[in-house]
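J.: Pasting work.cif below, which is mmCIF, C-alpha atoms.
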data_my_file
#
loop_
_atom_site.group_PDB
_atom_site.id
_atom_site.type_symbol
_atom_site.label_atom_id
_atom_site.label_comp_id
_atom_site.auth_asym_id
_atom_site.auth_seq_id
_atom_site.Cartn_x
_atom_site.Cartn_y
_atom_site.Cartn_z
ATOM 1 C CA MET A 21 12.564 25.943 -28.888
ATOM 2 C CA LEU A 22 13.882 29.343 -29.948
ATOM 3 C CA ARG A 23 16.867 30.829 -28.121
ATOM 4 C CA PHE A 24 18.522 34.178 -28.715
ATOM 5 C CA SER A 25 21.824 35.658 -27.609
ATOM 6 C CA VAL A 26 22.309 39.433 -27.619
ATOM 7 C CA LEU A 27 24.962 39.821 -24.900
ATOM 8 C CA GLY A 28 27.671 39.916 -27.515
ATOM 9 C CA PRO A 29 27.038 39.320 -31.233
ATOM 10 C CA LEU A 30 23.416 38.555 -32.133
ATOM 11 C CA ARG A 31 22.844 34.802 -32.525
ATOM 12 C CA ALA A 32 19.773 32.565 -32.608
ATOM 13 C CA TRP A 33 19.018 28.836 -32.437
ATOM 14 C CA ARG A 34 16.019 26.627 -33.027
ATOM 15 C CA ASP A 35 16.711 23.675 -30.773
ATOM 16 C CA ASP A 36 20.366 22.878 -31.640
ATOM 17 C CA GLU A 37 20.396 24.504 -35.086
ATOM 18 C CA GLU A 38 21.902 27.991 -35.382
ATOM 19 C CA LEU A 39 19.891 30.247 -37.669
ATOM 20 C CA ASP A 40 21.056 32.543 -40.464
ATOM 21 C CA LEU A 41 19.682 35.933 -39.435
ATOM 22 C CA GLY A 42 20.232 37.755 -42.701
ATOM 23 C CA PRO A 43 21.637 41.224 -43.425
ATOM 24 C CA PRO A 44 22.548 43.786 -40.733
ATOM 25 C CA SER A 45 19.325 45.797 -40.994
ATOM 26 C CA ARG A 46 17.200 42.675 -40.468
ATOM 27 C CA ARG A 47 19.435 41.619 -37.603
ATOM 28 C CA ALA A 48 18.974 45.066 -36.051
ATOM 29 C CA VAL A 49 15.183 44.673 -36.125
ATOM 30 C CA LEU A 50 15.425 41.259 -34.497
ATOM 31 C CA GLY A 51 17.997 42.433 -31.952
ATOM 32 C CA LEU A 52 15.784 45.259 -30.726
ATOM 33 C CA LEU A 53 12.784 42.953 -30.482
ATOM 34 C CA VAL A 54 14.810 40.496 -28.386
ATOM 35 C CA LEU A 55 16.115 43.290 -26.142
ATOM 36 C CA ALA A 56 12.508 44.367 -25.521
ATOM 37 C CA GLY A 57 11.955 41.076 -23.664
ATOM 38 C CA GLY A 58 8.441 40.434 -24.946
ATOM 39 C CA ALA A 59 7.394 44.077 -24.736
ATOM 40 C CA TYR A 60 5.944 46.136 -27.559
ATOM 41 C CA VAL A 61 8.361 47.924 -29.944
ATOM 42 C CA SER A 62 6.821 50.628 -32.104
ATOM 43 C CA ARG A 63 7.345 50.851 -35.844
ATOM 44 C CA SER A 64 8.724 54.382 -35.385
ATOM 45 C CA GLU A 65 11.394 53.130 -32.956
ATOM 46 C CA LEU A 66 12.511 50.479 -35.425
ATOM 47 C CA VAL A 67 12.565 52.943 -38.330
ATOM 48 C CA ASP A 68 14.582 55.404 -36.235
ATOM 49 C CA ALA A 69 17.079 52.693 -35.264
ATOM 50 C CA LEU A 70 17.581 51.708 -38.910
ATOM 51 C CA TRP A 71 17.703 55.112 -40.574
ATOM 52 C CA GLY A 72 17.865 57.811 -37.906
ATOM 53 C CA ASP A 73 16.425 61.203 -38.785
ATOM 54 C CA ASP A 74 16.430 60.610 -42.533
ATOM 55 C CA PRO A 75 14.386 57.474 -43.344
ATOM 56 C CA PRO A 76 13.669 56.734 -46.999
ATOM 57 C CA ALA A 77 10.157 56.941 -48.380
ATOM 58 C CA THR A 78 10.175 53.131 -48.560
ATOM 59 C CA ALA A 79 11.075 52.687 -44.859
ATOM 60 C CA ALA A 80 7.715 51.184 -43.834
ATOM 61 C CA ASN A 81 7.784 48.701 -46.712
ATOM 62 C CA VAL A 82 11.397 47.704 -46.027
ATOM 63 C CA LEU A 83 10.589 47.165 -42.351
ATOM 64 C CA GLN A 84 7.571 45.050 -43.255
ATOM 65 C CA THR A 85 9.766 42.955 -45.553
ATOM 66 C CA HIS A 86 12.262 42.365 -42.738
ATOM 67 C CA VAL A 87 9.441 41.288 -40.430
ATOM 68 C CA LYS A 88 8.076 38.927 -43.095
ATOM 69 C CA HIS A 89 11.475 37.215 -43.435
ATOM 70 C CA LEU A 90 11.914 37.025 -39.652
ATOM 71 C CA ARG A 91 8.522 35.375 -39.301
ATOM 72 C CA ARG A 92 9.534 32.739 -41.821
ATOM 73 C CA LEU A 93 12.713 32.218 -39.844
ATOM 74 C CA VAL A 94 11.135 31.807 -36.408
ATOM 75 C CA GLU A 95 7.988 29.951 -37.597
ATOM 76 C CA PRO A 96 8.990 27.897 -40.649
ATOM 77 C CA GLY A 97 5.843 25.757 -40.452
ATOM 78 C CA ARG A 98 3.375 28.661 -40.373
ATOM 79 C CA LEU A 99 0.956 28.918 -43.294
ATOM 80 C CA ALA A 100 1.434 31.999 -45.499
ATOM 81 C CA ARG A 101 -1.635 33.917 -44.304
ATOM 82 C CA ALA A 102 -1.866 32.468 -40.817
ATOM 83 C CA ARG A 103 -1.372 34.785 -37.848
ATOM 84 C CA SER A 104 2.094 34.707 -36.337
ATOM 85 C CA GLU A 105 2.116 33.572 -32.708
ATOM 86 C CA ILE A 106 5.763 34.497 -32.117
ATOM 87 C CA LEU A 107 6.327 37.773 -33.977
ATOM 88 C CA ARG A 108 3.040 39.585 -33.682
ATOM 89 C CA HIS A 109 1.873 42.920 -35.077
ATOM 90 C CA THR A 110 0.035 45.087 -32.579
ATOM 91 C CA ASN A 111 -0.857 48.788 -32.291
ATOM 92 C CA GLY A 112 1.496 49.911 -35.036
ATOM 93 C CA GLY A 113 4.445 47.906 -33.752
ATOM 94 C CA TYR A 114 5.693 44.404 -33.042
ATOM 95 C CA VAL A 115 6.132 41.995 -30.142
ATOM 96 C CA LEU A 116 8.453 38.964 -30.088
ATOM 97 C CA ARG A 117 7.035 36.263 -27.827
ATOM 98 C CA ALA A 118 7.749 32.701 -26.728
ATOM 99 C CA ALA A 119 11.512 33.012 -27.014
ATOM 100 C CA GLU A 120 14.273 32.604 -24.421
ATOM 101 C CA SER A 121 17.292 34.924 -24.450
ATOM 102 C CA ASP A 122 20.518 35.353 -22.521
ATOM 103 C CA VAL A 123 19.097 38.652 -21.223
ATOM 104 C CA ASP A 124 16.373 36.635 -19.473
ATOM 105 C CA THR A 125 19.022 34.349 -17.972
ATOM 106 C CA PHE A 126 21.172 37.322 -16.892
ATOM 107 C CA ARG A 127 18.274 39.022 -15.127
ATOM 108 C CA ARG A 128 17.104 35.773 -13.534
ATOM 109 C CA HIS A 129 20.531 35.389 -11.910
ATOM 110 C CA LEU A 130 20.400 39.019 -10.759
ATOM 111 C CA ARG A 131 17.089 38.363 -8.990
ATOM 112 C CA GLN A 132 18.753 35.477 -7.154
ATOM 113 C CA ALA A 133 21.640 37.669 -5.936
ATOM 114 C CA ASP A 134 20.687 37.897 -2.276
ATOM 115 C CA GLY A 135 22.304 36.899 1.004
ATOM 116 C CA GLU A 136 24.811 34.069 0.757
ATOM 117 C CA GLN A 137 23.914 33.563 -2.898
ATOM 118 C CA THR A 138 24.838 37.123 -3.894
ATOM 119 C CA VAL A 139 28.362 36.480 -5.174
ATOM 120 C CA PRO A 140 27.655 33.114 -6.893
ATOM 121 C CA ALA A 141 24.510 34.513 -8.551
ATOM 122 C CA LEU A 142 26.323 37.622 -9.746
ATOM 123 C CA ALA A 143 29.156 35.469 -11.093
ATOM 124 C CA ALA A 144 26.623 33.394 -13.035
ATOM 125 C CA ALA A 145 24.970 36.578 -14.343
ATOM 126 C CA LEU A 146 28.277 38.006 -15.568
ATOM 127 C CA ARG A 147 29.153 34.738 -17.332
ATOM 128 C CA CYS A 148 26.186 35.369 -19.651
ATOM 129 C CA TRP A 149 28.093 38.230 -21.277
ATOM 130 C CA HIS A 150 30.344 37.812 -24.316
ATOM 131 C CA GLY A 151 30.841 41.457 -25.246
ATOM 132 C CA ARG A 152 28.789 44.600 -25.762
ATOM 133 C CA PRO A 153 25.094 43.946 -26.468
ATOM 134 C CA LEU A 154 24.562 43.413 -30.202
ATOM 135 C CA ALA A 155 28.306 43.789 -30.719
ATOM 136 C CA ASP A 156 28.018 42.937 -34.426
ATOM 137 C CA LEU A 157 25.620 45.866 -34.975
ATOM 138 C CA PRO A 158 27.646 49.018 -34.223
ATOM 139 C CA ALA A 159 24.819 51.236 -35.512
ATOM 140 C CA LEU A 160 22.872 50.282 -32.354
ATOM 141 C CA ALA A 161 25.705 50.990 -29.891
ATOM 142 C CA ALA A 162 24.041 54.221 -28.708
ATOM 143 C CA HIS A 163 20.475 52.879 -28.688
ATOM 144 C CA PRO A 164 18.772 53.451 -25.291
ATOM 145 C CA LYS A 165 18.030 49.728 -24.827
ATOM 146 C CA VAL A 166 21.687 48.839 -25.423
ATOM 147 C CA ILE A 167 22.910 51.582 -23.079
ATOM 148 C CA ALA A 168 20.451 50.566 -20.339
ATOM 149 C CA LEU A 169 21.564 46.935 -20.527
ATOM 150 C CA THR A 170 25.226 47.969 -20.441
ATOM 151 C CA ILE A 171 24.536 49.937 -17.251
ATOM 152 C CA GLU A 172 22.874 46.850 -15.711
ATOM 153 C CA HIS A 173 26.020 44.882 -16.474
ATOM 154 C CA ARG A 174 28.266 47.545 -14.969
ATOM 155 C CA LEU A 175 26.243 47.694 -11.749
ATOM 156 C CA ALA A 176 26.320 43.893 -11.488
ATOM 157 C CA LEU A 177 30.098 43.928 -11.938
ATOM 158 C CA ILE A 178 30.483 46.558 -9.211
ATOM 159 C CA ARG A 179 28.365 44.490 -6.796
ATOM 160 C CA TYR A 180 30.366 41.377 -7.696
ATOM 161 C CA GLY A 181 33.632 43.248 -7.166
ATOM 162 C CA GLU A 182 32.518 44.473 -3.742
ATOM 163 C CA GLY A 183 31.438 40.960 -2.789
ATOM 164 C CA MET A 184 34.719 39.416 -3.881
ATOM 165 C CA ILE A 185 36.693 42.048 -1.965
ATOM 166 C CA ALA A 186 34.673 41.219 1.152
ATOM 167 C CA ARG A 187 35.448 37.521 0.599
ATOM 168 C CA GLY A 188 39.189 38.180 0.419
ATOM 169 C CA ALA A 189 39.338 37.394 -3.302
ATOM 170 C CA ALA A 190 40.034 40.905 -4.568
ATOM 171 C CA ALA A 191 42.798 39.813 -6.948
ATOM 172 C CA GLU A 192 40.261 37.860 -9.017
ATOM 173 C CA VAL A 193 38.247 40.967 -9.916
ATOM 174 C CA VAL A 194 41.086 43.352 -10.756
ATOM 175 C CA ALA A 195 41.150 42.298 -14.422
ATOM 176 C CA PRO A 196 37.395 42.625 -15.181
ATOM 177 C CA LEU A 197 37.200 45.894 -13.240
ATOM 178 C CA SER A 198 40.235 47.225 -15.130
ATOM 179 C CA GLU A 199 38.535 46.383 -18.414
ATOM 180 C CA ALA A 200 35.349 48.138 -17.302
ATOM 181 C CA ALA A 201 37.347 51.186 -16.184
ATOM 182 C CA ALA A 202 39.016 51.374 -19.606
ATOM 183 C CA GLN A 203 35.614 51.186 -21.329
ATOM 184 C CA HIS A 204 34.055 53.789 -19.019
ATOM 185 C CA PRO A 205 36.845 56.256 -18.194
ATOM 186 C CA LEU A 206 34.549 58.671 -16.321
ATOM 187 C CA ASP A 207 32.620 56.137 -14.221
ATOM 188 C CA GLU A 208 33.606 56.899 -10.638
ATOM 189 C CA ARG A 209 31.952 53.831 -9.079
ATOM 190 C CA VAL A 210 33.829 51.440 -11.352
ATOM 191 C CA HIS A 211 37.128 53.182 -10.644
ATOM 192 C CA ALA A 212 36.474 53.343 -6.898
ATOM 193 C CA THR A 213 35.745 49.612 -6.815
ATOM 194 C CA LEU A 214 38.870 48.923 -8.887
ATOM 195 C CA ILE A 215 40.992 51.015 -6.496
ATOM 196 C CA ASN A 216 39.549 49.119 -3.515
ATOM 197 C CA ALA A 217 40.241 45.788 -5.225
ATOM 198 C CA MET A 218 43.812 46.757 -6.074
ATOM 199 C CA ARG A 219 44.398 47.983 -2.517
ATOM 200 C CA ALA A 220 43.063 44.743 -1.055
ATOM 201 C CA ALA A 221 45.153 42.724 -3.522
ATOM 202 C CA GLY A 222 48.335 44.572 -2.518
ATOM 203 C CA GLN A 223 48.581 46.492 -5.815
ATOM 204 C CA ARG A 224 48.731 49.922 -4.218
ATOM 205 C CA ALA A 225 51.021 51.588 -6.778
ATOM 206 C CA ALA A 226 48.645 50.618 -9.570
ATOM 207 C CA ALA A 227 45.697 51.848 -7.484
ATOM 208 C CA PHE A 228 47.332 55.282 -7.114
ATOM 209 C CA ASP A 229 47.814 55.376 -10.895
ATOM 210 C CA VAL A 230 44.120 54.578 -11.436
ATOM 211 C CA HIS A 231 43.084 57.369 -9.093
ATOM 212 C CA ALA A 232 45.399 59.852 -10.817
ATOM 213 C CA THR A 233 44.075 58.855 -14.258
ATOM 214 C CA ILE A 234 40.378 59.287 -13.470
ATOM 215 C CA SER A 235 41.038 62.473 -11.475
ATOM 216 C CA ARG A 236 42.682 64.003 -14.565
ATOM 217 C CA ALA A 237 39.867 62.775 -16.817
ATOM 218 C CA LEU A 238 37.178 64.243 -14.565
ATOM 219 C CA ALA A 239 38.980 67.571 -14.401
ATOM 220 C CA ASP A 240 39.805 67.766 -18.118
ATOM 221 C CA ASP A 241 36.522 66.456 -19.556
ATOM 222 C CA LEU A 242 33.943 67.587 -16.997
ATOM 223 C CA GLY A 243 35.661 70.184 -14.853
ATOM 224 C CA LEU A 244 34.903 68.116 -11.742
ATOM 225 C CA ASP A 245 36.757 66.914 -8.673
ATOM 226 C CA PRO A 246 36.416 63.264 -7.561
ATOM 227 C CA GLY A 247 33.103 62.508 -5.863
ATOM 228 C CA PRO A 248 32.490 60.873 -2.455
ATOM 229 C CA GLU A 249 33.000 57.215 -3.496
ATOM 230 C CA LEU A 250 36.248 57.941 -5.288
ATOM 231 C CA ALA A 251 37.445 60.144 -2.428
ATOM 232 C CA SER A 252 36.633 57.397 0.083
ATOM 233 C CA ALA A 253 38.538 54.818 -1.957
ATOM 234 C CA TYR A 254 41.525 57.157 -2.116
ATOM 235 C CA LEU A 255 41.478 57.785 1.645
ATOM 236 C CA SER A 256 41.403 54.026 2.280
ATOM 237 C CA LEU A 257 44.320 53.645 -0.107
ATOM 238 C CA LEU A 258 46.269 56.362 1.695
ATOM 239 C CA GLY A 259 45.451 54.720 5.027
ATOM 240 C CA ALA A 260 46.791 51.386 3.798
ATOM 241 C CA GLU A 261 49.962 53.074 2.539
ATOM 242 C CA LEU A 262 50.513 54.950 5.803
ATOM 243 C CA SER A 263 49.893 51.775 7.821
ATOM 244 C CA THR A 264 52.522 49.982 5.762
ATOM 245 C CA HIS A 265 55.025 52.791 6.309
ATOM 246 C CA ALA A 266 54.231 52.812 10.028
ATOM 247 C CA ARG A 267 54.720 49.046 10.309
ATOM 248 C CA ASN A 268 57.994 49.294 8.413
ATOM 249 C CA ALA A 269 59.151 52.127 10.675
ATOM 250 C CA VAL A 270 58.305 50.074 13.770
ATOM 251 C CA SER A 271 60.154 47.085 12.364
ATOM 252 C CA ARG A 272 63.225 49.187 11.601
ATOM 253 C CA ALA A 273 63.100 50.720 15.065
ATOM 254 C CA ARG A 274 62.980 47.282 16.670
ATOM 255 C CA VAL A 275 65.932 46.139 14.592
ATOM 256 C CA GLU A 276 67.938 49.226 15.549
ATOM 257 C CA CYS A 277 66.922 48.832 19.170
ATOM 258 C CA GLY A 278 68.038 45.221 19.127
ATOM 259 C CA ARG A 279 71.379 46.158 17.668
ATOM 260 C CA SER A 280 72.046 48.943 20.143
ATOM 261 C CA SER A 281 71.101 46.807 23.147
ATOM 262 C CA ARG A 282 73.596 44.061 22.349
ATOM 263 C CA PRO A 283 76.461 43.992 24.880
ATOM 264 C CA SER A 284 79.750 44.999 23.384
ATOM 265 C CA ALA A 285 82.408 42.311 23.173
#
Please express what this file holds, its structure, as structure tokens.
T.:
Amino acid sequence: MLRFSVLGPLRAWRDDEELDLGPPSRRAVLGLLVLAGGAYVSRSELVDALWGDDPPATAANVLQTHVKHLRRLVEPGRLARARSEILRHTNGGYVLRAAESDVDTFRRHLRQADGEQTVPALAAALRCWHGRPLADLPALAAHPKVIALTIEHRLALIRYGEGMIARGAAAEVVAPLSEAAAQHPLDERVHATLINAMRAAGQRAAAFDVHATISRALADDLGLDPGPELASAYLSLLGAELSTHARNAVSRARVECGRSSRPSA
């Protein structure tokens, strides 16, 4: 059975044997085919991913050579001229079939994230990740398939963070949300969820710092004020701070009242 991992560095196994995937350009072809999840990937998309706007005259031949080597890798017992059943050519492109990937597992857990199973399923989905998709192939960092999958991960993390806050376990999600906020300094939803988690975990000073940081970034980079979610998180943070001050004031007043009401000796 073939298994692929793309949620982190690209890796592949046949049963328990890890496979040597070859040079970066060949790995890039395979990585994009795995990310497609059994869907068609055009030759032009693969050429563009490998060479951008300036492909060499030999691009089609080089791509065909990569595909030939990948077919040998995934179907070592296939006869030389026999049709590939796993990496098939169709309509000027390629389809990778009959392979399981960690993207499939991630999305299967997401589909199970409903009702009482929401938080456990999201936790299982997030455990599938070991870094940026195709982390060993930086040339693909801005590819639409990589960006789309990264957004899926971010939305899952936000849902998980909200669920953990509701469960009273906010402190457990501060670290992953902080990491996501550092990676996406202009993402208001991530920062709002982080502020809410820090507030619920009693880390209000840090939450104010987070709000100040993203407010500056939005103003400096985009010329924008914080949006509704970030504003709501800030108001909740202010409310928590004011409630604390009010409770402290009441406590001090009671202490002073108790002192003044003692009979003098």
J.: With only C-alpha atoms as the atoms that count, which of A:Leu53, A:Ser252, A:Thr213, A:Leu206 lies nearest to Leu238 of chain A?
T.: A:Leu206
J.: Counting only C-alpha atoms, find the residues whose atoms lie at most 9 Å from (17.4, 36.4, -26.8) (file coordinates) and write them out as a VMD selection string.
T.: chain A and resid 22 to 27 30 to 32 51 53 to 55 57 119 to 124
J.: Mind giving me the straight-line distance from atom CA of Glu182 of chain A to atom CA of Gly28 of chain A in Å, one decimal?
T.: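 Going from atom CA of Glu182 of chain A over to atom CA of Gly28 of chain A covers 24.7 Å.
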J.: For Asp229 of chain A, list every protein, DNA or RNA residue within 12 Å, evaluated using only C-alpha atoms, and leave out those in the same chain fewer than 2 positions away; present the list as a PyMOL selection string.
T.: chain A and resi 198+211+214-215+218-219+223-227+231-236+254+257
J.: Give as number ranges by chain the residues that the PyMOL selection byres ((chain A and resi 108) around 12) matches when applied to the coordinates above.
T.: A: 53, 58-62, 84, 87-88, 90-91, 94-95, 102-107, 109-118
